[in-house]
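File shown: work.cif (mmCIF, C-alpha atoms).
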```
data_work
loop_
_atom_site.label_atom_id
_atom_site.label_comp_id
_atom_site.auth_asym_id
_atom_site.auth_seq_id
_atom_site.Cartn_x
_atom_site.Cartn_y
_atom_site.Cartn_z
CA MET A 1 308.73 -177.75 155.45
CA GLY A 2 309.56 -178.61 159.06
CA LEU A 3 310.91 -176.07 161.50
CA THR A 4 314.09 -178.11 161.96
CA VAL A 5 315.08 -176.96 158.47
CA TYR A 6 315.77 -173.52 159.93
CA ARG A 7 318.24 -174.94 162.41
CA SER A 8 320.14 -176.32 159.42
CA ILE A 9 319.93 -172.92 157.73
CA ARG A 10 321.29 -171.31 160.88
CA ARG A 11 324.27 -173.66 160.84
CA THR A 12 325.08 -172.77 157.23
CA LEU A 13 324.82 -169.05 157.98
CA HIS A 14 326.95 -169.53 161.08
CA GLN A 15 329.83 -170.70 158.91
CA ILE A 16 329.92 -167.57 156.74
CA PRO A 17 329.96 -164.50 159.06
CA GLU A 18 330.95 -161.35 157.20
CA LYS A 19 331.86 -157.75 157.90
CA GLY A 20 329.22 -155.04 157.62
CA PHE A 21 328.45 -154.11 154.00
CA GLU A 22 330.55 -157.08 152.89
CA GLU A 23 327.88 -159.75 153.48
CA PHE A 24 328.18 -161.04 149.90
CA LYS A 25 327.99 -164.78 150.62
CA THR A 26 325.24 -164.19 153.15
CA GLN A 27 323.18 -162.16 150.70
CA GLN A 28 323.61 -164.81 148.00
CA PHE A 29 322.59 -167.61 150.37
CA LEU A 30 319.47 -165.72 151.43
CA MET A 31 318.59 -164.86 147.84
CA ASP A 32 318.96 -168.48 146.73
CA TYR A 33 316.57 -169.57 149.48
CA ILE A 34 314.05 -166.79 148.83
CA LYS A 35 314.03 -167.45 145.08
CA GLY A 36 313.22 -171.08 145.86
CA LEU A 37 309.88 -170.04 147.34
CA PRO A 38 306.72 -169.45 145.24
CA GLN A 39 307.35 -166.13 143.48
CA ASP A 40 303.84 -165.02 142.54
CA ARG A 41 303.20 -163.18 145.81
CA MET A 42 306.66 -161.71 146.40
CA ASP A 43 308.43 -158.56 145.31
CA ILE A 44 312.19 -158.68 145.93
CA GLU A 45 314.65 -155.77 145.94
CA THR A 46 318.25 -155.44 147.09
CA TRP A 47 320.02 -152.49 148.70
CA ARG A 48 323.79 -152.82 148.86
CA THR A 49 324.22 -156.20 150.62
CA GLY A 50 320.73 -156.09 152.13
CA ILE A 51 317.48 -157.59 150.85
CA LEU A 52 313.85 -156.44 151.04
CA VAL A 53 311.03 -158.90 150.37
CA LYS A 54 307.40 -157.74 150.27
CA VAL A 55 304.88 -160.54 150.55
CA LYS A 56 301.55 -159.47 149.08
CA GLY A 57 298.51 -159.81 151.28
CA THR A 58 295.14 -161.12 150.16
CA ASN A 59 293.41 -157.75 150.74
CA PRO A 60 296.02 -155.37 152.13
CA SER A 61 295.29 -152.14 153.95
CA ARG A 62 298.81 -151.65 155.35
CA ILE A 63 302.35 -153.03 155.40
CA ILE A 64 303.73 -154.80 158.48
CA GLY A 65 307.53 -154.82 158.74
CA TYR A 66 309.92 -157.38 160.18
CA ARG A 67 313.68 -156.77 160.32
CA ALA A 68 316.64 -159.16 160.70
CA ASP A 69 320.30 -158.12 160.77
CA MET A 70 322.97 -159.94 158.77
CA ASP A 71 326.60 -159.20 159.69
CA GLY A 72 329.12 -160.98 161.91
CA LEU A 73 331.79 -159.79 164.32
CA PRO A 74 335.61 -159.77 164.16
CA ILE A 75 335.90 -162.42 166.88
CA PRO A 76 337.87 -165.69 166.43
CA GLU A 77 335.40 -168.47 167.23
CA ASP A 78 336.02 -170.76 170.21
CA THR A 79 332.87 -172.90 170.28
CA SER A 80 332.51 -176.69 170.33
CA TYR A 81 330.57 -176.67 167.05
CA ASP A 82 331.44 -178.88 164.11
CA PHE A 83 329.98 -176.10 161.93
CA ARG A 84 332.31 -173.34 163.11
CA SER A 85 333.02 -170.22 161.08
CA THR A 86 335.00 -170.81 157.91
CA HIS A 87 335.94 -167.11 157.81
CA GLU A 88 339.04 -166.78 159.95
CA GLY A 89 338.74 -164.13 162.64
CA TYR A 90 334.99 -163.68 162.18
CA MET A 91 332.05 -165.20 164.05
CA HIS A 92 328.29 -164.80 164.45
CA ALA A 93 328.77 -163.95 168.12
CA CYS A 94 325.67 -161.76 168.39
CA GLY A 95 323.06 -164.16 167.04
CA HIS A 96 322.47 -162.68 163.62
CA ASP A 97 322.56 -166.20 162.18
CA PHE A 98 319.57 -166.91 164.45
CA HIS A 99 317.87 -163.67 163.45
CA MET A 100 318.11 -164.41 159.71
CA SER A 101 317.00 -168.03 160.08
CA ILE A 102 313.95 -167.00 162.08
CA ALA A 103 313.08 -164.35 159.49
CA LEU A 104 313.29 -166.95 156.70
CA GLY A 105 310.98 -169.23 158.66
CA VAL A 106 308.40 -166.48 159.15
CA LEU A 107 308.74 -165.38 155.52
CA THR A 108 308.14 -168.92 154.29
CA HIS A 109 305.03 -169.28 156.45
CA VAL A 110 303.54 -165.99 155.22
CA VAL A 111 304.22 -166.94 151.59
CA GLU A 112 302.64 -170.38 152.00
CA HIS A 113 299.79 -169.25 154.28
CA PRO A 114 298.66 -165.81 153.07
CA VAL A 115 297.50 -163.12 155.48
CA LYS A 116 295.39 -160.08 154.66
CA ASP A 117 298.04 -157.37 154.93
CA ASP A 118 301.34 -157.03 153.11
CA VAL A 119 304.39 -158.09 155.14
CA LEU A 120 307.82 -156.60 154.43
CA PHE A 121 310.91 -158.59 155.46
CA ILE A 122 314.03 -156.45 155.80
CA PHE A 123 317.39 -158.21 155.86
CA GLN A 124 319.64 -155.38 157.01
CA PRO A 125 323.44 -155.31 156.71
CA ALA A 126 326.04 -153.71 158.97
CA GLU A 127 324.23 -153.62 162.32
CA GLU A 128 327.49 -154.19 164.16
CA GLY A 129 329.05 -151.26 162.34
CA PRO A 130 329.22 -148.85 160.74
CA GLY A 131 325.43 -149.07 160.89
CA GLY A 132 323.10 -150.13 158.11
CA ALA A 133 319.68 -149.05 159.37
CA LYS A 134 320.06 -145.29 158.98
CA PRO A 135 321.51 -145.30 155.44
CA MET A 136 319.01 -147.96 154.41
CA LEU A 137 316.16 -145.74 155.55
CA GLU A 138 317.72 -142.76 153.75
CA GLU A 139 318.81 -144.43 150.51
CA SER A 140 316.64 -147.46 149.70
CA GLU A 141 314.02 -146.56 147.10
CA ALA A 142 312.27 -149.87 147.70
CA LEU A 143 311.99 -149.18 151.43
CA ALA A 144 310.63 -145.71 150.68
CA ARG A 145 307.92 -147.27 148.47
CA TRP A 146 307.17 -150.02 150.96
CA MET A 147 307.50 -148.10 154.22
CA PRO A 148 305.73 -150.20 156.89
CA GLU A 149 303.10 -148.78 159.22
CA MET A 150 304.49 -150.88 162.06
CA ILE A 151 307.67 -152.91 162.51
CA MET A 152 309.09 -155.67 164.73
CA ALA A 153 312.45 -157.28 165.46
CA LEU A 154 314.05 -159.55 168.04
CA HIS A 155 317.47 -160.10 169.58
CA ILE A 156 318.72 -163.28 171.21
CA ALA A 157 319.21 -163.13 175.00
CA PRO A 158 321.73 -165.62 176.42
CA GLU A 159 320.57 -165.08 180.01
CA HIS A 160 316.93 -166.09 179.46
CA PRO A 161 315.77 -169.70 179.08
CA VAL A 162 314.29 -171.05 175.87
CA GLY A 163 310.55 -170.49 175.86
CA THR A 164 310.77 -166.97 177.27
CA ILE A 165 310.83 -163.53 175.73
CA ALA A 166 311.57 -160.22 177.43
CA THR A 167 310.58 -156.68 176.51
CA ARG A 168 309.13 -153.48 177.90
CA GLU A 169 307.41 -150.25 176.98
CA GLY A 170 309.69 -147.32 176.16
CA ILE A 171 313.48 -147.55 176.15
CA LEU A 172 314.80 -151.09 175.66
CA PHE A 173 318.36 -150.35 174.43
CA ALA A 174 320.57 -147.32 175.05
CA ASN A 175 321.90 -144.49 172.93
CA THR A 176 325.43 -145.45 171.91
CA SER A 177 328.49 -143.80 170.42
CA GLU A 178 331.91 -145.07 169.49
CA LEU A 179 334.88 -143.16 170.88
CA PHE A 180 338.35 -142.84 169.34
CA ILE A 181 341.00 -140.50 170.77
CA ASP A 182 344.41 -140.05 169.15
CA LEU A 183 347.17 -138.38 171.17
CA ILE A 184 350.23 -137.03 169.35
CA GLY A 185 353.29 -135.94 171.30
CA LYS A 186 357.04 -136.23 170.79
CA GLY A 187 358.92 -139.50 170.84
CA GLY A 188 362.44 -140.08 172.05
CA HIS A 189 364.95 -142.29 173.82
CA ALA A 190 363.79 -143.87 177.08
CA ALA A 191 366.95 -142.58 178.81
CA PHE A 192 366.06 -138.95 178.03
CA PRO A 193 362.39 -138.49 178.98
CA HIS A 194 362.85 -134.74 179.48
CA THR A 195 363.36 -134.32 175.73
CA ALA A 196 360.07 -136.01 174.78
CA ASN A 197 356.34 -135.92 175.47
CA ASP A 198 355.31 -139.46 176.45
CA MET A 199 351.88 -140.38 175.06
CA VAL A 200 351.68 -143.65 177.02
CA VAL A 201 351.73 -141.60 180.21
CA ALA A 202 349.27 -139.08 178.74
CA ALA A 203 346.90 -141.88 177.69
CA SER A 204 347.11 -143.48 181.13
CA HIS A 205 346.15 -140.22 182.81
CA LEU A 206 343.29 -139.71 180.36
CA VAL A 207 341.83 -143.19 180.90
CA THR A 208 341.73 -142.58 184.64
CA GLN A 209 340.09 -139.20 184.19
CA LEU A 210 337.47 -140.53 181.79
CA GLN A 211 336.27 -142.93 184.49
CA SER A 212 335.26 -139.96 186.65
CA ILE A 213 332.68 -138.69 184.16
CA VAL A 214 329.81 -141.03 184.98
CA ALA A 215 330.63 -141.01 188.70
CA ARG A 216 330.81 -137.22 189.02
CA ASN A 217 329.03 -135.62 186.06
CA ILE A 218 325.94 -137.76 185.43
CA ASP A 219 322.82 -137.72 187.61
CA PRO A 220 322.97 -140.87 189.80
CA LEU A 221 319.32 -141.54 188.85
CA ASP A 222 320.28 -141.58 185.16
CA SER A 223 322.54 -144.19 183.55
CA GLY A 224 325.73 -143.87 181.56
CA VAL A 225 328.78 -145.89 180.57
CA VAL A 226 332.19 -144.78 179.34
CA THR A 227 334.39 -147.78 178.56
CA ILE A 228 337.86 -147.74 177.02
CA GLY A 229 338.28 -151.18 175.53
CA LYS A 230 341.54 -150.77 173.64
CA ILE A 231 344.78 -148.78 173.96
CA GLU A 232 347.59 -148.67 171.43
CA GLY A 233 350.87 -146.85 172.00
CA GLY A 234 354.57 -147.23 171.56
CA THR A 235 356.83 -149.41 169.45
CA LYS A 236 359.58 -150.75 171.76
CA GLN A 237 360.39 -150.91 175.46
CA ASN A 238 363.19 -148.34 175.27
CA ILE A 239 361.42 -145.82 173.03
CA ILE A 240 359.15 -143.10 174.43
CA ALA A 241 355.85 -143.29 172.58
CA GLU A 242 355.10 -140.41 170.24
CA LYS A 243 351.50 -141.53 169.66
CA ALA A 244 348.76 -143.31 171.56
CA ARG A 245 345.22 -144.25 170.60
CA LEU A 246 342.27 -144.96 172.87
CA GLU A 247 339.19 -146.79 171.57
CA GLY A 248 335.99 -147.11 173.53
CA THR A 249 332.24 -146.69 173.72
CA ILE A 250 329.71 -144.35 175.32
CA ARG A 251 326.22 -145.51 176.33
CA THR A 252 323.37 -143.53 177.89
CA LEU A 253 319.64 -143.77 178.45
CA SER A 254 319.07 -140.13 177.47
CA MET A 255 320.43 -137.88 174.74
CA GLU A 256 320.99 -135.19 177.37
CA SER A 257 323.47 -137.43 179.16
CA MET A 258 325.14 -138.36 175.86
CA THR A 259 325.72 -134.68 175.11
CA LYS A 260 326.97 -134.05 178.64
CA ILE A 261 329.44 -136.95 178.49
CA LYS A 262 330.85 -135.84 175.14
CA THR A 263 331.23 -132.27 176.38
CA ARG A 264 333.09 -133.52 179.44
CA ILE A 265 335.34 -135.81 177.34
CA GLU A 266 336.31 -132.84 175.19
CA ALA A 267 337.16 -130.76 178.28
CA LEU A 268 339.32 -133.51 179.75
CA VAL A 269 341.12 -134.04 176.44
CA GLN A 270 341.85 -130.31 176.25
CA GLY A 271 343.41 -130.62 179.72
CA ILE A 272 345.60 -133.48 178.55
CA GLU A 273 346.73 -131.39 175.58
CA ALA A 274 347.75 -128.58 177.91
CA GLY A 275 349.27 -130.78 180.59
CA PHE A 276 351.33 -132.96 178.27
CA ALA A 277 352.03 -130.46 175.48
CA CYS A 278 350.46 -132.71 172.89
CA GLN A 279 347.76 -132.67 170.24
CA ALA A 280 344.58 -134.71 170.38
CA VAL A 281 341.93 -135.73 167.87
CA ILE A 282 338.51 -137.06 168.95
CA ASP A 283 336.31 -139.15 166.64
CA TYR A 284 332.91 -140.38 167.79
CA GLY A 285 332.59 -142.89 164.95
CA SER A 286 329.17 -144.53 164.63
CA ASN A 287 326.31 -143.31 166.77
CA TYR A 288 323.15 -145.34 167.40
CA CYS A 289 319.98 -143.85 168.83
CA GLN A 290 318.01 -145.58 171.56
CA VAL A 291 315.67 -148.49 170.84
CA TYR A 292 312.36 -147.06 172.04
CA ASN A 293 309.44 -149.46 171.95
CA ASN A 294 306.17 -147.81 170.98
CA PRO A 295 304.05 -148.28 174.12
CA GLU A 296 300.81 -149.07 172.27
CA ARG A 297 302.38 -151.55 169.84
CA VAL A 298 304.50 -153.40 172.39
CA ARG A 299 301.67 -153.52 174.96
CA ASP A 300 299.39 -155.17 172.39
CA PHE A 301 302.11 -157.75 171.74
CA MET A 302 302.78 -158.31 175.44
CA ASP A 303 299.10 -158.72 176.27
CA TRP A 304 298.70 -161.21 173.43
CA VAL A 305 301.74 -163.23 174.55
CA GLN A 306 300.41 -163.41 178.11
CA ALA A 307 296.93 -164.43 176.96
CA ASP A 308 298.35 -166.96 174.48
CA GLY A 309 300.40 -168.65 177.18
CA LYS A 310 302.73 -170.65 174.93
CA VAL A 311 305.73 -168.45 175.74
CA GLN A 312 306.61 -166.89 179.09
CA LEU A 313 306.79 -163.09 179.05
CA ILE A 314 309.30 -161.20 181.21
CA GLU A 315 308.93 -157.45 181.63
CA CYS A 316 312.61 -156.56 181.64
CA LYS A 317 314.64 -153.51 182.52
CA GLU A 318 316.30 -151.37 179.90
CA ALA A 319 319.81 -152.44 178.84
CA MET A 320 322.92 -150.49 177.92
CA THR A 321 323.34 -152.49 174.73
CA GLY A 322 323.12 -150.67 171.40
CA GLU A 323 321.13 -151.59 168.27
CA ASP A 324 320.58 -149.57 165.11
CA PHE A 325 317.01 -150.89 164.91
CA GLY A 326 316.36 -147.73 166.94
CA TYR A 327 316.49 -145.75 163.68
CA PHE A 328 313.59 -147.79 162.31
CA LEU A 329 311.63 -147.15 165.50
CA GLU A 330 312.25 -143.39 165.15
CA ARG A 331 310.33 -143.53 161.86
CA ILE A 332 307.94 -146.43 162.34
CA PRO A 333 305.89 -147.41 165.42
CA GLY A 334 306.97 -150.84 166.60
CA PHE A 335 309.05 -152.81 169.05
CA MET A 336 311.93 -155.18 169.68
CA PHE A 337 312.06 -158.05 172.15
CA TRP A 338 314.67 -160.36 173.66
CA LEU A 339 314.45 -164.06 172.74
CA GLY A 340 315.72 -166.47 175.40
CA VAL A 341 318.44 -168.82 174.10
CA ASP A 342 319.84 -170.15 177.40
CA THR A 343 323.64 -170.13 177.13
CA PRO A 344 326.23 -169.31 179.82
CA PHE A 345 328.31 -167.14 177.49
CA GLY A 346 327.14 -163.64 176.69
CA LEU A 347 326.75 -161.71 173.47
CA HIS A 348 330.00 -161.01 171.60
CA HIS A 349 331.71 -163.94 173.37
CA ALA A 350 333.83 -166.38 171.38
CA LYS A 351 332.13 -169.34 173.09
CA LEU A 352 328.51 -168.23 172.48
CA GLU A 353 326.37 -171.31 171.69
CA PRO A 354 322.66 -170.36 171.70
CA ASN A 355 320.11 -173.15 172.10
CA GLU A 356 318.68 -173.80 168.62
CA GLU A 357 315.28 -174.79 170.05
CA ALA A 358 314.67 -171.05 170.36
CA ILE A 359 314.50 -170.78 166.56
CA ASP A 360 311.36 -172.92 166.50
CA VAL A 361 309.89 -170.97 169.41
CA ALA A 362 310.40 -167.64 167.66
CA ILE A 363 309.06 -168.75 164.27
CA ASP A 364 305.92 -170.15 165.85
CA LEU A 365 305.38 -167.06 168.02
CA LEU A 366 305.93 -164.53 165.24
CA THR A 367 303.89 -166.29 162.58
CA ARG A 368 300.93 -166.57 164.92
CA TYR A 369 301.22 -162.94 166.04
CA ILE A 370 301.49 -161.66 162.46
CA ARG A 371 298.44 -163.73 161.56
CA LYS A 372 296.60 -162.17 164.50
CA ILE A 373 297.38 -158.54 163.53
CA ALA A 374 297.33 -158.96 159.73
CA THR A 375 293.91 -160.59 159.28
#
```

Have the structure of the file written as structure tokens, please.
Amino acid sequence: MGLTVYRSIRRTLHQIPEKGFEEFKTQQFLMDYIKGLPQDRMDIETWRTGILVKVKGTNPSRIIGYRADMDGLPIPEDTSYDFRSTHEGYMHACGHDFHMSIALGVLTHVVEHPVKDDVLFIFQPAEEGPGGAKPMLEESEALARWMPEMIMALHIAPEHPVGTIATREGILFANTSELFIDLIGKGGHAAFPHTANDMVVAASHLVTQLQSIVARNIDPLDSGVVTIGKIEGGTKQNIIAEKARLEGTIRTLSMESMTKIKTRIEALVQGIEAGFACQAVIDYGSNYCQVYNNPERVRDFMDWVQADGKVQLIECKEAMTGEDFGYFLERIPGFMFWLGVDTPFGLHHAKLEPNEEAIDVAIDLLTRYIRKIAT
């Protein structure tokens, strides 16, 4: 089977992006493909909308894990593709269609060309939210039986050219937390502001104050981000808003800074409650731990890539992106790397069009590296 087949698979997956834990069509498509492979060396289990496939080695002494995420994003697509999303309002704008297609290519190779050790392929739902890695690790009986001794994953990188990968020892992706703040005051007529407590004004003050946290409460040699990406408040131009809602994200390179930021947010919100005579509710939503590459495992991979010479290796800086693969790396030594896909539009952009040549690059690289460490 030629590698170009996986570009076609990617295009099919691209048309059916689905919400986390609702990847029903995606799961069925993957299962149909996997069941079309020779079955004598595979054990297949499902967990919610995820899939685990263990390929039996010829003389196994351990299990090597490889993870691919499955879900899409609530972004209306604005690409030039003739295979655009058929699910209105949803798009594979983070490359998970690439990730799954690459995993299928590597899976097929390992089935057709056996290696010594067992290889576990984990198709994980809900990476974009609410987070599938942590509950999968906690709840999947199959994963508990087949827990790998080491694990790998990749993520597409729009900024790097095809034929390059980027990674590093230690922290690759940040600790992340969602942030939701609801403010409840007293509505009223716009002509009588003294009889109401305006939550649009309160929210505006709070947004400005939140931007002081990183600048004035976090060590300048550390890194942190507090971003408010959405504000909702009010119903009509002549009605004072009784409620307002702020939605955002927190990102840090240390758990100490994450704790410090949350403590400071809570103090500022208490000040808003006092200053505007309102009530506030804070919800931190989903929290993802840092993606921390095991130094020994990733260094072996990096040294092999450099010696192999077929792909250019970039030793990159850490990024403030979030990824729930970090929960796997808390339990299992391993690593993640960026895969160059050379596109001017970034992750989570409606115009993201990754170069499909990177699929072939990744399948070739990963199959040869697995063969190297599993024989």

Write out as a PyMOL selection string which residues come within 10 Å of region 286-291 of chain A when counting all atoms listed in the file, dropping same-chain ones fewer than 6 positions away.
chain A and resi 127-131+133-134+170-179+249-255+318-330+334-336

Set the distance at 12 Å and use all atoms listed in the file: which residues neighbour region 212-216 of chain A once local chain neighbours fewer than 6 positions away are removed? I'd like the list as a list of chain:residue names.
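Near neighbours after the sequence-gap exclusion: A:His205, A:Leu206, A:Asp222, A:Ser223, A:Gly224, A:Val225, A:Val226, A:Thr227, A:Ile250, A:Arg251, A:Thr252, A:Ser257, A:Met258, A:Lys260, A:Ile261, A:Lys262, A:Thr263, A:Arg264, A:Ile265, A:Glu266, A:Ala267, A:Leu268.
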
Report as a list of chain:residue names all protein, DNA and RNA residues lying within 7 Å of Ile282 (chain A), evaluated on all atoms listed in the file, omitting residues in the same chain fewer than 5 positions from it.
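Counting all atoms listed in the file, the residues come to A:Phe180, A:Ile181, A:Asp182.
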
Write the residues of the preceding selection, restricted to C-alpha atoms, as an mmCIF file, keeping the file's coordinate frame.
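Final output, result.cif:
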```cif
data_model
loop_
_atom_site.group_PDB
_atom_site.id
_atom_site.type_symbol
_atom_site.label_atom_id
_atom_site.label_comp_id
_atom_site.auth_asym_id
_atom_site.auth_seq_id
_atom_site.Cartn_x
_atom_site.Cartn_y
_atom_site.Cartn_z
ATOM 1 C CA PHE A 180 338.350 -142.840 169.340
ATOM 2 C CA ILE A 181 341.000 -140.500 170.770
ATOM 3 C CA ASP A 182 344.410 -140.050 169.150
#
```

Name the residues captured by the PyMOL selection byres ((chain A and resi 207) around 12) when it is applied to the shown file; answer as a PDB file with C-alpha atoms, keeping the file's coordinate frame.
```pdb
ATOM      1  CA  ILE A 181     341.000-140.500 170.770  1.00  0.00           C
ATOM      2  CA  MET A 199     351.880-140.380 175.060  1.00  0.00           C
ATOM      3  CA  VAL A 200     351.680-143.650 177.020  1.00  0.00           C
ATOM      4  CA  VAL A 201     351.730-141.600 180.210  1.00  0.00           C
ATOM      5  CA  ALA A 202     349.270-139.080 178.740  1.00  0.00           C
ATOM      6  CA  ALA A 203     346.900-141.880 177.690  1.00  0.00           C
ATOM      7  CA  SER A 204     347.110-143.480 181.130  1.00  0.00           C
ATOM      8  CA  HIS A 205     346.150-140.220 182.810  1.00  0.00           C
ATOM      9  CA  LEU A 206     343.290-139.710 180.360  1.00  0.00           C
ATOM     10  CA  THR A 208     341.730-142.580 184.640  1.00  0.00           C
ATOM     11  CA  GLN A 209     340.090-139.200 184.190  1.00  0.00           C
ATOM     12  CA  LEU A 210     337.470-140.530 181.790  1.00  0.00           C
ATOM     13  CA  GLN A 211     336.270-142.930 184.490  1.00  0.00           C
ATOM     14  CA  SER A 212     335.260-139.960 186.650  1.00  0.00           C
ATOM     15  CA  ILE A 213     332.680-138.690 184.160  1.00  0.00           C
ATOM     16  CA  VAL A 226     332.190-144.780 179.340  1.00  0.00           C
ATOM     17  CA  THR A 227     334.390-147.780 178.560  1.00  0.00           C
ATOM     18  CA  ILE A 228     337.860-147.740 177.020  1.00  0.00           C
ATOM     19  CA  GLY A 229     338.280-151.180 175.530  1.00  0.00           C
ATOM     20  CA  LYS A 230     341.540-150.770 173.640  1.00  0.00           C
ATOM     21  CA  ILE A 231     344.780-148.780 173.960  1.00  0.00           C
ATOM     22  CA  ALA A 244     348.760-143.310 171.560  1.00  0.00           C
ATOM     23  CA  ARG A 245     345.220-144.250 170.600  1.00  0.00           C
ATOM     24  CA  LEU A 246     342.270-144.960 172.870  1.00  0.00           C
ATOM     25  CA  GLU A 247     339.190-146.790 171.570  1.00  0.00           C
ATOM     26  CA  GLY A 248     335.990-147.110 173.530  1.00  0.00           C
ATOM     27  CA  ILE A 265     335.340-135.810 177.340  1.00  0.00           C
ATOM     28  CA  LEU A 268     339.320-133.510 179.750  1.00  0.00           C
ATOM     29  CA  VAL A 269     341.120-134.040 176.440  1.00  0.00           C
ATOM     30  CA  ILE A 272     345.600-133.480 178.550  1.00  0.00           C
TER      31      ILE A 272
END
```

Nearest candidate to Val53 (chain A) (options A:Ile122, A:Lys236, A:Phe192, A:Leu73; using all atoms listed in the file):
A:Ile122

For Ala280 (chain A), which residue out of A:Ile373, A:Ala191, A:Leu183, A:Val361 is the nearest one, using only C-alpha atoms?
A:Leu183

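With all atoms listed in the file as the basis for measurement, A:Asp69 is the residue among A:Asp69, A:Glu149, A:Glu23, A:Asp300 that approaches Ser101 (chain A) most closely.
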
Could you list, with a cut-off of 6 Å and counting all atoms listed in the file, the residues of region 64-152 of chain A near region 340-351 of chain A, each shown with its nearest atom pair and the distance in Å rounded to one decimal, rows sorted by chain and ascending number, as JSON lines?
```
{"residue": "A:Glu77", "atom": "CA", "partner": "A:Ala350", "partner_atom": "CA", "distance": 4.9}
{"residue": "A:Asp78", "atom": "CA", "partner": "A:Ala350", "partner_atom": "CA", "distance": 5.0}
{"residue": "A:Thr79", "atom": "CA", "partner": "A:Lys351", "partner_atom": "CA", "distance": 4.6}
{"residue": "A:Ala93", "atom": "CA", "partner": "A:His348", "partner_atom": "CA", "distance": 4.7}
{"residue": "A:Cys94", "atom": "CA", "partner": "A:Leu347", "partner_atom": "CA", "distance": 5.2}
```

Output C-alpha atoms for every residue in that selection, as a PDB file, in the coordinates of the input.
```pdb
ATOM      1  CA  GLU A  77     335.400-168.470 167.230  1.00  0.00           C
ATOM      2  CA  ASP A  78     336.020-170.760 170.210  1.00  0.00           C
ATOM      3  CA  THR A  79     332.870-172.900 170.280  1.00  0.00           C
ATOM      4  CA  ALA A  93     328.770-163.950 168.120  1.00  0.00           C
ATOM      5  CA  CYS A  94     325.670-161.760 168.390  1.00  0.00           C
TER       6      CYS A  94
END
```

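The closest residue to Val5 (chain A), picked from A:Ile218, A:Val162, A:Leu104, A:Met152 and counting only C-alpha atoms, is A:Leu104.
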
Residues matched by the PyMOL selection byres ((chain A and resi 91) around 12), written as a PyMOL selection string:
chain A and resi 11+13-19+70-79+81+83-90+92-97+128+347-353

For Leu30 (chain A), the closest of A:Gly105, A:Gly65, A:Gly132, A:Gly309 counting only C-alpha atoms is A:Gly105

Using all atoms listed in the file, which of the listed residues (A:Thr167, A:Thr58, A:Thr259, A:Gln28) sits closest to Asp303 (chain A)?
A:Thr167

Using all atoms listed in the file, what residues lie at most 10 Å away from (307.8, -156.5, 144.5) (file coordinates), given as a count of residues only?
15

With 7 Å as the threshold, what does the neighbourhood of (317.5, -171.3, 163.0) contain in terms of residues, counting all atoms listed in the file? Coordinates are those of the file; answer as a PDB file with C-alpha atoms, keeping the file's coordinate frame.
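part_25.pdb written:
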```pdb
ATOM      1  CA  TYR A   6     315.770-173.520 159.930  1.00  0.00           C
ATOM      2  CA  ARG A   7     318.240-174.940 162.410  1.00  0.00           C
ATOM      3  CA  SER A   8     320.140-176.320 159.420  1.00  0.00           C
ATOM      4  CA  ILE A   9     319.930-172.920 157.730  1.00  0.00           C
ATOM      5  CA  ARG A  10     321.290-171.310 160.880  1.00  0.00           C
ATOM      6  CA  PHE A  98     319.570-166.910 164.450  1.00  0.00           C
ATOM      7  CA  SER A 101     317.000-168.030 160.080  1.00  0.00           C
ATOM      8  CA  ILE A 102     313.950-167.000 162.080  1.00  0.00           C
ATOM      9  CA  GLU A 356     318.680-173.800 168.620  1.00  0.00           C
ATOM     10  CA  ILE A 359     314.500-170.780 166.560  1.00  0.00           C
TER      11      ILE A 359
END
```

Provide the CA of Val115 (chain A) to CA of Ala103 (chain A) distance in Å, to one decimal place.
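Answer for the CA of Val115 (chain A) to CA of Ala103 (chain A) separation: 16.1 Å.
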
Ala241 (chain A) environment, 10 Å, only C-alpha atoms, sequence neighbours closer than 4 positions dropped, as a ChimeraX atom specification
/A:184-190,196-202,232-237

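Those residues returned by the PyMOL selection byres ((chain A and resi 64) around 7) for this file are Arg62, Ile63, Gly65, Tyr66, Asp118, Val119, Leu120, Pro148, Glu149, Met150 and Ile151 of chain A.
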
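The interatomic distance for the pair CA of Arg168 (chain A) and CA of Gly285 (chain A) works out to 28.8 Å.
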
Can you tell me how far CA of Lys25 (chain A) sits from CA of Leu154 (chain A), in Å to one decimal?
22.9 Å
